[in-house]
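Shown here: start.cif, mmCIF, C-alpha atoms (C1' of nucleotides).
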data_entry
#
loop_
_atom_site.label_atom_id
_atom_site.label_comp_id
_atom_site.auth_asym_id
_atom_site.auth_seq_id
_atom_site.Cartn_x
_atom_site.Cartn_y
_atom_site.Cartn_z
CA MET A 118 51.78 63.13 101.45
CA ALA A 119 53.09 65.04 98.46
CA ARG A 120 55.17 68.16 98.02
CA THR A 121 57.06 68.76 101.25
CA THR A 122 57.67 72.12 102.89
CA GLY A 123 60.84 73.85 101.77
CA SER A 124 61.33 71.65 98.70
CA TYR A 125 62.87 73.44 95.73
CA SER A 126 64.46 71.87 92.69
CA GLU A 127 67.47 74.22 92.92
CA LEU A 128 68.23 72.69 96.30
CA THR A 129 67.20 69.10 95.70
CA GLY A 130 69.05 68.75 92.39
CA PRO A 131 72.52 69.41 93.81
CA LYS A 132 71.73 67.36 96.90
CA ILE A 133 70.98 64.37 94.72
CA GLU A 134 74.23 64.75 92.80
CA ALA A 135 76.23 65.11 95.99
CA ALA A 136 74.63 62.08 97.60
CA ALA A 137 75.10 60.00 94.46
CA ARG A 138 78.73 61.06 94.22
CA ARG A 139 79.48 60.12 97.78
CA LEU A 140 77.67 56.79 97.71
CA ILE A 141 79.02 55.71 94.33
CA ALA A 142 82.56 56.61 95.35
CA SER A 143 82.16 54.53 98.50
CA TYR A 144 80.34 51.46 97.30
CA GLY A 145 80.48 51.50 93.52
CA PHE A 146 77.79 52.31 90.98
CA ALA A 147 76.39 48.81 90.69
CA ALA A 148 76.15 48.39 94.45
CA VAL A 149 74.28 51.65 95.07
CA SER A 150 70.52 51.72 94.59
CA MET A 151 68.27 54.60 93.67
CA ARG A 152 66.45 54.04 96.96
CA GLN A 153 69.72 54.47 98.85
CA ILE A 154 70.45 57.76 97.12
CA ALA A 155 66.92 58.96 97.77
CA ARG A 156 67.11 58.05 101.45
CA GLU A 157 70.36 60.01 101.77
CA VAL A 158 68.60 63.12 100.44
CA GLY A 159 65.41 62.49 102.37
CA LEU A 160 63.21 61.53 99.45
CA GLN A 161 61.33 58.58 98.05
CA ALA A 162 62.97 56.88 95.11
CA GLY A 163 60.35 58.05 92.67
CA ALA A 164 61.22 61.69 93.26
CA LEU A 165 64.67 61.19 91.76
CA TYR A 166 63.07 60.77 88.36
CA ASN A 167 62.10 64.42 88.36
CA TYR A 168 65.82 65.14 88.12
CA VAL A 169 67.36 62.27 86.21
CA PRO A 170 65.92 60.17 83.39
CA ASP A 171 67.53 57.00 84.73
CA LYS A 172 70.36 55.62 86.82
CA GLN A 173 72.80 55.41 83.92
CA SER A 174 72.35 59.10 83.11
CA LEU A 175 73.07 59.99 86.70
CA LEU A 176 76.47 58.32 86.46
CA ALA A 177 77.20 59.81 83.07
CA ARG A 178 76.35 63.29 84.29
CA LEU A 179 78.62 62.96 87.31
CA MET A 180 81.53 61.87 85.17
CA LEU A 181 80.99 64.38 82.39
CA THR A 182 80.66 67.40 84.63
CA HIS A 183 83.72 66.28 86.54
CA MET A 184 85.82 66.04 83.40
CA GLN A 185 84.52 69.37 82.17
CA ASP A 186 85.32 71.06 85.48
CA LEU A 187 88.78 69.57 85.42
CA LEU A 188 89.45 70.74 81.87
CA GLU A 189 88.20 74.19 82.69
CA ALA A 190 90.57 74.35 85.63
CA THR A 191 93.53 73.57 83.36
CA GLN A 192 92.95 76.96 81.74
CA SER A 193 94.56 78.58 84.74
CA LEU A 194 97.82 76.66 84.35
CA PRO A 195 100.65 79.19 84.00
CA GLN A 196 102.89 79.78 81.01
CA GLY A 197 106.69 79.76 81.34
CA THR A 198 109.54 77.43 80.53
CA PRO A 199 108.64 73.78 79.93
CA GLN A 200 110.18 72.91 83.27
CA GLU A 201 108.04 75.46 85.07
CA ARG A 202 104.98 74.28 83.23
CA LEU A 203 105.75 70.67 84.09
CA ASP A 204 106.13 71.45 87.77
CA ALA A 205 102.89 73.40 87.69
CA PHE A 206 101.08 70.51 86.05
CA VAL A 207 102.29 68.02 88.64
CA ARG A 208 101.18 70.24 91.50
CA PHE A 209 97.90 70.97 89.77
CA HIS A 210 97.09 67.34 89.13
CA ILE A 211 97.83 66.26 92.68
CA ALA A 212 95.84 69.15 94.12
CA GLN A 213 92.84 68.48 91.87
CA ASN A 214 92.92 64.78 92.64
CA TYR A 215 92.86 65.59 96.31
CA GLU A 216 90.11 68.22 96.18
CA ARG A 217 87.86 66.19 93.91
CA ALA A 218 88.86 62.79 95.23
CA GLU A 219 85.37 61.29 94.96
CA SER A 220 84.82 62.39 91.38
CA VAL A 221 88.29 61.33 90.34
CA PHE A 222 87.76 57.94 91.88
CA ILE A 223 84.44 57.49 90.10
CA ALA A 224 85.93 58.62 86.81
CA TYR A 225 88.52 55.84 87.01
CA MET A 226 86.43 53.06 88.51
CA GLU A 227 83.09 53.33 86.79
CA LEU A 228 84.10 53.63 83.15
CA ARG A 229 82.83 50.15 82.42
CA ASN A 230 79.39 50.99 83.74
CA LEU A 231 78.85 53.62 81.07
CA THR A 232 76.97 52.91 77.89
CA PRO A 233 79.23 52.98 74.81
CA GLU A 234 78.01 56.46 73.87
CA ASN A 235 78.61 57.92 77.30
CA PHE A 236 81.95 56.15 77.50
CA ALA A 237 83.10 57.68 74.25
CA GLU A 238 82.21 61.15 75.49
CA VAL A 239 84.06 60.75 78.79
CA GLU A 240 87.03 59.12 77.10
CA ALA A 241 87.34 62.04 74.68
CA LEU A 242 87.57 64.46 77.59
CA ARG A 243 90.11 62.28 79.33
CA GLN A 244 92.28 62.30 76.24
CA GLN A 245 91.97 66.03 76.02
CA TYR A 246 93.28 66.30 79.56
CA GLU A 247 96.14 63.97 78.73
CA ARG A 248 97.08 66.23 75.86
CA THR A 249 97.70 69.07 78.29
CA LEU A 250 100.65 67.19 79.69
CA GLU A 251 101.67 65.77 76.34
CA GLU A 252 101.98 69.25 74.97
CA ILE A 253 104.29 70.30 77.79
CA LEU A 254 106.57 67.36 77.15
CA GLN A 255 106.62 68.15 73.46
CA ALA A 256 107.53 71.77 74.11
CA GLY A 257 110.34 70.71 76.42
CA ARG A 258 111.72 68.29 73.89
CA ALA A 259 111.53 70.89 71.13
CA GLU A 260 113.49 73.33 73.25
CA GLY A 261 116.02 70.65 74.11
CA CYS A 262 115.49 70.83 77.86
CA PHE A 263 113.67 67.47 78.14
CA ASP A 264 114.98 64.12 77.01
CA VAL A 265 111.89 62.06 76.26
CA ASN A 266 111.95 58.79 74.39
CA ASP A 267 108.25 58.15 73.75
CA ILE A 268 106.02 61.08 74.59
CA LYS A 269 102.73 59.21 74.75
CA ILE A 270 104.10 56.49 77.01
CA MET A 271 105.72 58.98 79.34
CA THR A 272 102.57 61.07 79.49
CA ARG A 273 100.57 58.07 80.61
CA ALA A 274 103.31 56.93 82.96
CA ILE A 275 103.40 60.29 84.73
CA ILE A 276 99.63 60.51 85.05
CA ALA A 277 99.41 56.95 86.35
CA MET A 278 102.12 57.70 88.87
CA LEU A 279 100.42 60.87 90.07
CA ASN A 280 97.04 59.16 90.30
CA GLY A 281 98.62 56.63 92.61
CA VAL A 282 98.96 59.34 95.25
CA ASN A 283 95.20 59.25 95.83
CA THR A 284 95.30 55.66 97.01
CA TRP A 285 97.35 56.45 100.08
CA PHE A 286 97.56 60.21 100.75
CA ARG A 287 95.46 61.54 103.62
CA GLN A 288 95.63 64.95 105.21
CA GLY A 289 97.11 64.69 108.68
CA GLY A 290 99.47 61.89 107.74
CA ALA A 291 103.24 61.93 107.80
CA LEU A 292 103.46 64.24 104.78
CA SER A 293 101.62 67.42 103.88
CA LEU A 294 100.08 67.91 100.48
CA SER A 295 102.79 70.33 99.41
CA GLU A 296 105.50 67.90 100.49
CA VAL A 297 103.89 65.22 98.38
CA GLN A 298 103.68 67.66 95.49
CA GLU A 299 107.36 68.49 95.85
CA LEU A 300 108.44 64.85 96.00
CA ASN A 301 106.49 64.08 92.87
CA CYS A 302 107.86 67.12 91.08
CA GLU A 303 111.32 65.83 91.76
CA MET A 304 110.54 62.36 90.45
CA VAL A 305 108.94 63.74 87.31
CA ARG A 306 111.86 66.09 86.75
CA ARG A 307 114.17 63.12 86.79
CA MET A 308 111.99 61.21 84.36
CA VAL A 309 112.43 63.90 81.73
CA THR A 310 116.14 64.27 82.34
CA ALA A 311 118.72 62.19 80.51
CA ALA A 312 120.50 59.87 82.94
CA GLY A 313 124.22 59.93 83.56
CA MET G 254 67.55 15.94 85.72
CA ALA G 255 70.43 15.57 88.12
CA ARG G 256 74.06 14.62 87.75
CA THR G 257 75.06 15.18 84.14
CA THR G 258 77.29 12.95 82.11
CA GLY G 259 80.98 13.77 82.35
CA SER G 260 80.63 15.97 85.43
CA TYR G 261 83.59 15.86 87.81
CA SER G 262 84.44 18.29 90.54
CA GLU G 263 88.08 18.47 89.43
CA LEU G 264 86.85 19.88 86.12
CA THR G 265 83.93 21.97 87.29
CA GLY G 266 85.80 23.68 90.12
CA PRO G 267 88.43 25.35 87.92
CA LYS G 268 85.81 26.16 85.30
CA ILE G 269 83.83 28.09 87.87
CA GLU G 270 86.86 30.06 88.97
CA ALA G 271 87.79 30.86 85.39
CA ALA G 272 84.29 32.00 84.50
CA ALA G 273 84.02 34.10 87.64
CA ARG G 274 87.38 35.70 86.96
CA ARG G 275 86.48 36.63 83.42
CA LEU G 276 83.03 37.96 84.23
CA ILE G 277 84.08 39.91 87.31
CA ALA G 278 87.00 41.47 85.44
CA SER G 279 84.62 42.54 82.68
CA TYR G 280 81.57 43.75 84.56
CA GLY G 281 82.58 44.09 88.20
CA PHE G 282 81.75 41.91 91.17
CA ALA G 283 78.52 43.66 92.12
CA ALA G 284 77.23 43.53 88.57
CA VAL G 285 77.85 39.81 88.05
CA SER G 286 75.30 37.33 89.37
CA MET G 287 75.76 33.75 90.46
CA ARG G 288 73.33 32.73 87.72
CA GLN G 289 75.53 34.44 85.13
CA ILE G 290 78.60 32.57 86.32
CA ALA G 291 76.67 29.29 86.36
CA ARG G 292 75.35 29.84 82.85
CA GLU G 293 78.90 30.47 81.61
CA VAL G 294 79.95 27.08 82.98
CA GLY G 295 76.80 25.31 81.88
CA LEU G 296 75.26 24.81 85.30
CA GLN G 297 72.31 25.89 87.36
CA ALA G 298 73.08 28.46 90.02
CA GLY G 299 72.51 26.03 92.86
CA ALA G 300 75.37 23.82 91.73
CA LEU G 301 77.89 26.57 92.46
CA TYR G 302 77.26 26.10 96.15
CA ASN G 303 78.95 22.70 96.04
CA TYR G 304 82.15 24.63 95.35
CA VAL G 305 81.83 27.94 97.13
CA PRO G 306 80.08 28.78 100.40
CA ASP G 307 78.85 32.12 99.07
CA LYS G 308 79.51 34.85 96.54
CA GLN G 309 81.81 36.82 98.82
CA SER G 310 84.09 33.82 99.36
CA LEU G 311 84.34 33.36 95.62
CA LEU G 312 85.76 36.86 95.25
CA ALA G 313 88.04 36.47 98.24
CA ARG G 314 89.43 33.21 96.91
CA LEU G 315 90.15 34.72 93.50
CA MET G 316 92.02 37.61 95.03
CA LEU G 317 93.93 35.60 97.61
CA THR G 318 95.15 32.93 95.22
CA HIS G 319 96.19 35.63 92.79
CA MET G 320 98.25 37.45 95.39
CA GLN G 321 99.80 34.20 96.56
CA ASP G 322 100.71 33.19 93.02
CA LEU G 323 102.24 36.59 92.45
CA LEU G 324 104.30 36.45 95.62
CA GLU G 325 105.46 32.96 94.80
CA ALA G 326 106.60 34.16 91.39
CA THR G 327 108.75 36.86 92.99
CA GLN G 328 110.92 34.07 94.40
CA SER G 329 112.45 33.67 90.97
CA LEU G 330 113.63 37.29 90.79
CA PRO G 331 117.41 37.28 90.28
CA GLN G 332 120.09 38.55 92.62
CA GLY G 333 122.74 41.03 91.44
CA THR G 334 123.44 44.73 91.77
CA PRO G 335 120.56 46.93 92.90
CA GLN G 336 120.35 48.30 89.38
CA GLU G 337 120.06 44.82 87.90
CA ARG G 338 117.48 43.85 90.48
CA LEU G 339 115.48 47.00 89.81
CA ASP G 340 115.43 46.35 86.07
CA ALA G 341 114.39 42.78 86.70
CA PHE G 342 111.57 43.90 88.97
CA VAL G 343 110.24 46.34 86.41
CA ARG G 344 110.21 43.71 83.68
CA PHE G 345 108.73 41.16 86.04
CA HIS G 346 105.93 43.41 87.17
CA ILE G 347 104.94 44.40 83.66
CA ALA G 348 105.05 40.81 82.45
CA GLN G 349 102.98 39.54 85.37
CA ASN G 350 100.45 42.31 84.95
CA TYR G 351 100.09 41.35 81.33
CA GLU G 352 99.84 37.60 81.84
CA ARG G 353 97.41 37.82 84.73
CA ALA G 354 95.61 40.93 83.54
CA GLU G 355 92.17 39.81 84.73
CA SER G 356 93.31 38.89 88.22
CA VAL G 357 95.37 42.05 88.56
CA PHE G 358 92.41 44.14 87.51
CA ILE G 359 90.14 42.43 90.01
CA ALA G 360 92.70 42.82 92.78
CA TYR G 361 92.72 46.58 92.25
CA MET G 362 89.05 47.18 91.54
CA GLU G 363 87.22 44.94 93.93
CA LEU G 364 88.97 45.65 97.21
CA ARG G 365 85.97 47.51 98.54
CA ASN G 366 83.72 44.52 97.94
CA LEU G 367 85.67 42.39 100.39
CA THR G 368 84.57 41.94 103.97
CA PRO G 369 86.96 43.62 106.43
CA GLU G 370 88.56 40.28 107.30
CA ASN G 371 89.15 39.31 103.68
CA PHE G 372 90.37 42.80 102.91
CA ALA G 373 92.94 42.67 105.67
CA GLU G 374 94.30 39.40 104.32
CA VAL G 375 94.60 40.64 100.76
CA GLU G 376 96.05 43.95 101.87
CA ALA G 377 98.74 42.18 103.86
CA LEU G 378 99.84 40.27 100.76
CA ARG G 379 99.82 43.44 98.70
CA GLN G 380 102.11 45.12 101.21
CA GLN G 381 104.38 42.13 101.15
CA TYR G 382 104.69 42.49 97.40
CA GLU G 383 105.39 46.19 97.76
CA ARG G 384 108.22 45.35 100.13
CA THR G 385 109.97 43.41 97.39
CA LEU G 386 110.54 46.65 95.52
CA GLU G 387 111.10 48.67 98.66
CA GLU G 388 113.93 46.38 99.62
CA ILE G 389 115.64 46.85 96.26
CA LEU G 390 115.51 50.63 96.62
CA GLN G 391 116.89 50.38 100.12
CA ALA G 392 119.77 48.19 98.97
CA GLY G 393 120.58 50.64 96.19
CA ARG G 394 120.56 53.58 98.53
CA ALA G 395 122.75 51.75 101.02
CA GLU G 396 125.28 51.02 98.31
CA GLY G 397 125.14 54.59 97.13
CA CYS G 398 124.03 53.81 93.60
CA PHE G 399 120.46 55.11 94.07
CA ASP G 400 119.46 58.59 95.15
CA VAL G 401 116.07 58.17 96.75
CA ASN G 402 114.40 60.83 98.82
CA ASP G 403 111.47 58.94 100.34
CA ILE G 404 111.58 55.20 99.78
CA LYS G 405 107.94 54.43 100.54
CA ILE G 406 106.65 57.18 98.29
CA MET G 407 108.90 56.18 95.44
CA THR G 408 107.97 52.52 95.82
CA ARG G 409 104.30 53.36 95.46
CA ALA G 410 105.00 55.81 92.65
CA ILE G 411 106.87 53.20 90.63
CA ILE G 412 104.22 50.54 91.16
CA ALA G 413 101.44 52.96 90.25
CA MET G 414 103.32 53.97 87.13
CA LEU G 415 103.87 50.36 86.07
CA ASN G 416 100.27 49.42 86.78
CA GLY G 417 99.24 52.14 84.40
CA VAL G 418 100.63 50.12 81.53
CA ASN G 419 97.75 47.68 81.83
CA THR G 420 95.20 50.35 80.98
CA TRP G 421 96.49 50.83 77.47
CA PHE G 422 98.94 48.10 76.44
CA ARG G 423 97.63 45.47 74.02
CA GLN G 424 99.62 42.89 72.12
CA GLY G 425 99.70 43.76 68.44
CA GLY G 426 99.81 47.51 69.08
CA ALA G 427 102.56 49.90 68.15
CA LEU G 428 104.93 48.58 70.82
CA SER G 429 105.88 45.05 71.82
CA LEU G 430 105.85 43.96 75.43
CA SER G 431 109.64 44.01 75.65
CA GLU G 432 109.76 47.50 74.18
CA VAL G 433 107.34 48.64 76.85
CA GLN G 434 109.43 46.92 79.48
CA GLU G 435 112.54 48.68 78.22
CA LEU G 436 110.91 52.11 78.14
CA ASN G 437 109.72 51.68 81.70
CA CYS G 438 113.11 50.43 82.86
CA GLU G 439 114.60 53.61 81.53
CA MET G 440 112.06 55.83 83.26
CA VAL G 441 112.54 54.01 86.56
CA ARG G 442 116.32 54.21 86.23
CA ARG G 443 116.01 57.95 85.93
CA MET G 444 113.75 58.16 88.94
CA VAL G 445 116.43 56.68 91.17
CA THR G 446 119.19 58.77 89.70
CA ALA G 447 120.09 62.20 91.06
CA ALA G 448 119.34 64.87 88.47
CA GLY G 449 121.91 67.25 87.06
"C1'" DT F 210 74.32 -6.25 88.79
"C1'" DT F 211 73.56 -3.61 92.60
"C1'" DG F 212 74.12 -0.23 96.12
"C1'" DG F 213 76.18 3.95 97.64
"C1'" DC F 214 78.33 8.18 96.67
"C1'" DA F 215 79.12 12.37 93.68
"C1'" DA F 216 77.20 15.91 91.01
"C1'" DT F 217 73.54 18.41 89.46
"C1'" DT F 218 68.68 19.99 88.71
"C1'" DG F 219 64.71 22.74 89.34
"C1'" DA F 220 61.75 24.86 92.08
"C1'" DA F 221 61.08 27.72 95.75
"C1'" DC F 222 61.95 31.50 99.41
"C1'" DG F 223 62.18 36.24 100.68
"C1'" DC F 224 63.98 40.34 99.38
"C1'" DA F 225 65.57 44.25 96.73
"C1'" DG F 226 66.25 46.35 92.29
"C1'" DG F 227 64.81 50.27 88.55
"C1'" DT F 228 61.01 52.54 87.04
"C1'" DT F 229 56.14 54.45 86.50
"C1'" DC F 230 52.24 57.11 87.83
"C1'" DA F 231 47.91 58.68 89.90
"C1'" DG F 232 47.14 61.29 93.75
"C1'" DT F 233 48.30 64.89 97.12
"C1'" DT F 234 50.16 68.92 99.10
"C1'" DA F 235 53.30 73.22 99.18
"C1'" DA F 236 54.43 77.38 96.89
"C1'" DC F 237 53.47 80.94 93.99
"C1'" DT F 238 50.62 84.18 90.76
"C1'" DG F 239 47.30 87.52 89.94
"C1'" DC T 28 41.97 84.26 98.39
"C1'" DA T 29 41.36 81.16 94.14
"C1'" DG T 30 43.73 78.73 90.81
"C1'" DT T 31 47.81 77.00 88.85
"C1'" DT T 32 52.14 74.91 88.94
"C1'" DA T 33 56.06 72.57 91.24
"C1'" DA T 34 57.58 68.88 94.15
"C1'" DC T 35 56.96 64.79 96.20
"C1'" DT T 36 54.57 60.43 98.06
"C1'" DG T 37 53.27 55.73 98.16
"C1'" DA T 38 52.04 51.91 96.05
"C1'" DA T 39 52.59 49.00 92.47
"C1'" DC T 40 54.89 46.36 88.48
"C1'" DC T 41 58.00 43.13 86.96
"C1'" DT T 42 62.45 41.34 87.10
"C1'" DG T 43 66.32 39.38 89.08
"C1'" DC T 44 69.09 38.54 93.17
"C1'" DG T 45 71.64 35.04 96.68
"C1'" DT T 46 70.71 30.99 98.72
"C1'" DT T 47 68.54 26.40 100.17
"C1'" DC T 48 67.13 21.74 99.47
"C1'" DA T 49 64.58 17.52 98.21
"C1'" DA T 50 64.70 14.82 94.30
"C1'" DT T 51 67.15 12.83 90.57
"C1'" DT T 52 70.64 10.78 87.94
"C1'" DG T 53 75.55 9.44 86.50
"C1'" DC T 54 79.55 7.07 88.16
"C1'" DC T 55 82.06 3.41 90.25
"C1'" DA T 56 83.46 -0.23 93.63
"C1'" DA T 57 82.22 -4.67 95.25
#
With the file now loaded, output its structure as structure tokens.
Amino acid sequence: MARTTGSYSELTGPKIEAAARRLIASYGFAAVSMRQIAREVGLQAGALYNYVPDKQSLLARLMLTHMQDLLEATQSLPQGTPQERLDAFVRFHIAQNYERAESVFIAYMELRNLTPENFAEVEALRQQYERTLEEILQAGRAEGCFDVNDIKIMTRAIIAMLNGVNTWFRQGGALSLSEVQELNCEMVRRMVTAAG
Amino acid sequence: MARTTGSYSELTGPKIEAAARRLIASYGFAAVSMRQIAREVGLQAGALYNYVPDKQSLLARLMLTHMQDLLEATQSLPQGTPQERLDAFVRFHIAQNYERAESVFIAYMELRNLTPENFAEVEALRQQYERTLEEILQAGRAEGCFDVNDIKIMTRAIIAMLNGVNTWFRQGGALSLSEVQELNCEMVRRMVTAAG
DNA sequence: TTGGCAATTGAACGCAGGTTCAGTTAACTG
DNA sequence: CAGTTAACTGAACCTGCGTTCAATTGCCAA
């Protein structure tokens, strides 16, 4: 056997990425083998090496393209008052986390399986994303509509809180996505508002 | 060779658990081998099986004892007004997460590497811990001092937010542990307070 | 001092891992 | 339709995995 009928790199490439994404999100990078990924696509393991130099690069590529896609999507965040921008960010983050749940999960769980170089690259993009929110908080404080003690800590606190949604939210549950977005908007609004 | 001088099960047992905890927290359960753990303790791999029936049980034991220790520690949480209890919980959670950082990390990262039975056991303990906070929010709402929309969602949001601290906080950084505790207390206070 | 128990070794088993590559076949070009 | 290129197979290489177990040795009570 050799080249199979209907085999094109433009089709096989994305199939490999999709299979890898799904399997790694389910079982973890270390627990997933190249043979498993290949089987999912309908290939022998050796064929994967026409598309990826090695297993590590496969993980790095998944994480990097995810972060790049996410950053690109932030470009469409609306302008407006800091409060409007904050609400938009909260809804955006929750929606993105839901739509790209597998990639988001991988990006948080598999950081330690990256080589130092790949880690540094992914981490830089993550910080860039964080700065999107940081900048909103800063604008709100400058305009006097937010009361924020430590901007960096609150940025991370908000993102951690919003990420938590992914661990329990499922479509078809007690709450719809937009209800969850609204509840989180409210909590975040309170966080930036002086008590009493 | 055989029994080595100064070898006692009361010493070796805890050493194995400690080594496993450290290695699994660093590299992940799937990426750590029994031989690696044995080497860390100064043993051959076979000797581990005098202490643990298999690799899976080793992970399960680490996670279960951690959750039990954590739940036991909650017994010392003080009584008082809901607000006092909430503050105490926030400080407690952050302190515990810092002191038992490795175990906490494992408990969040390695859930999917548990067998269904072990998972169910750990998950039950996790929910029990969650209920500690849930109960405080309920008490505060009943007394009218908290304004909470959805108690379950806010419980998870607060815990997710507090867990986030572990990803960046290090002793010797810009903020002390008690400063971090205080900042988070303030954010949580706002979350349970009606805005405006 | 001796006999039994506790603790560990070291080798082995079978299997699966990532990766390489010569060989083979499908698809396309002219 | 011939020749070239693209895509994939299948087998192999070497390494390491979890686990078992007979043999060995340190420890300790009698």
* Expected answer as a PyMOL selection string: chain A residues within 6 Å of chain G, only C-alpha atoms -> chain A and resi 147-148+274+277-278+281+304+307-308+312
Can you give me, as a compact mmCIF listing (two decimals) with C-alpha atoms (C1' of nucleotides), in the frame of the given file, the residues this file yields under the PyMOL selection byres ((chain T and resi 29) around 12)?
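Result written to out.txt:
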# COMPACT_ATOMS: atom_id res chain seq x y z
C1' DT F 238 50.62 84.18 90.76
C1' DG F 239 47.30 87.52 89.94
C1' DC T 28 41.97 84.26 98.39
C1' DG T 30 43.73 78.73 90.81
C1' DT T 31 47.81 77.00 88.85
* Check what the PyMOL selection byres ((chain G) within 7 of (chain F)) selects in the file above and give those residues as a list in words. => Met254, Ala255, Arg256, Thr257, Ser260 and Ala300 of chain G
* Kindly provide, as a list in words, the residues of chain A having any atom no farther than 12 Å from an atom of chain T, counting only C-alpha atoms (C1' of nucleotides). =>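 Selected residues: Met118, Ala119, Arg120, Thr121, Thr122, Gly123, Ser124, Tyr125, Ser126, Glu127, Leu128, Thr129, Gly130, Ala155, Gly159, Leu160, Gln161, Ala162, Gly163, Ala164, Leu165, Tyr166, Asn167 and Tyr168 of chain A.
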Same residues, C-alpha atoms, output as a PDB file, in the frame of the given file:
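Listing of again_37.pdb after writing:
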ATOM      1  CA  MET A 118      51.780  63.130 101.450  1.00  0.00           C
ATOM      2  CA  ALA A 119      53.090  65.040  98.460  1.00  0.00           C
ATOM      3  CA  ARG A 120      55.170  68.160  98.020  1.00  0.00           C
ATOM      4  CA  THR A 121      57.060  68.760 101.250  1.00  0.00           C
ATOM      5  CA  THR A 122      57.670  72.120 102.890  1.00  0.00           C
ATOM      6  CA  GLY A 123      60.840  73.850 101.770  1.00  0.00           C
ATOM      7  CA  SER A 124      61.330  71.650  98.700  1.00  0.00           C
ATOM      8  CA  TYR A 125      62.870  73.440  95.730  1.00  0.00           C
ATOM      9  CA  SER A 126      64.460  71.870  92.690  1.00  0.00           C
ATOM     10  CA  GLU A 127      67.470  74.220  92.920  1.00  0.00           C
ATOM     11  CA  LEU A 128      68.230  72.690  96.300  1.00  0.00           C
ATOM     12  CA  THR A 129      67.200  69.100  95.700  1.00  0.00           C
ATOM     13  CA  GLY A 130      69.050  68.750  92.390  1.00  0.00           C
ATOM     14  CA  ALA A 155      66.920  58.960  97.770  1.00  0.00           C
ATOM     15  CA  GLY A 159      65.410  62.490 102.370  1.00  0.00           C
ATOM     16  CA  LEU A 160      63.210  61.530  99.450  1.00  0.00           C
ATOM     17  CA  GLN A 161      61.330  58.580  98.050  1.00  0.00           C
ATOM     18  CA  ALA A 162      62.970  56.880  95.110  1.00  0.00           C
ATOM     19  CA  GLY A 163      60.350  58.050  92.670  1.00  0.00           C
ATOM     20  CA  ALA A 164      61.220  61.690  93.260  1.00  0.00           C
ATOM     21  CA  LEU A 165      64.670  61.190  91.760  1.00  0.00           C
ATOM     22  CA  TYR A 166      63.070  60.770  88.360  1.00  0.00           C
ATOM     23  CA  ASN A 167      62.100  64.420  88.360  1.00  0.00           C
ATOM     24  CA  TYR A 168      65.820  65.140  88.120  1.00  0.00           C
TER      25      TYR A 168
END
Box along x, y and z, 5 Å on every side, all listed atoms of region 228-237 of chain F inside: centre and edge lengths in Å to one decimal, as lines of an AutoDock Vina configuration file.
center_x = 54.1
center_y = 66.7
center_z = 92.8
size_x = 23.9
size_y = 38.4
size_z = 22.7
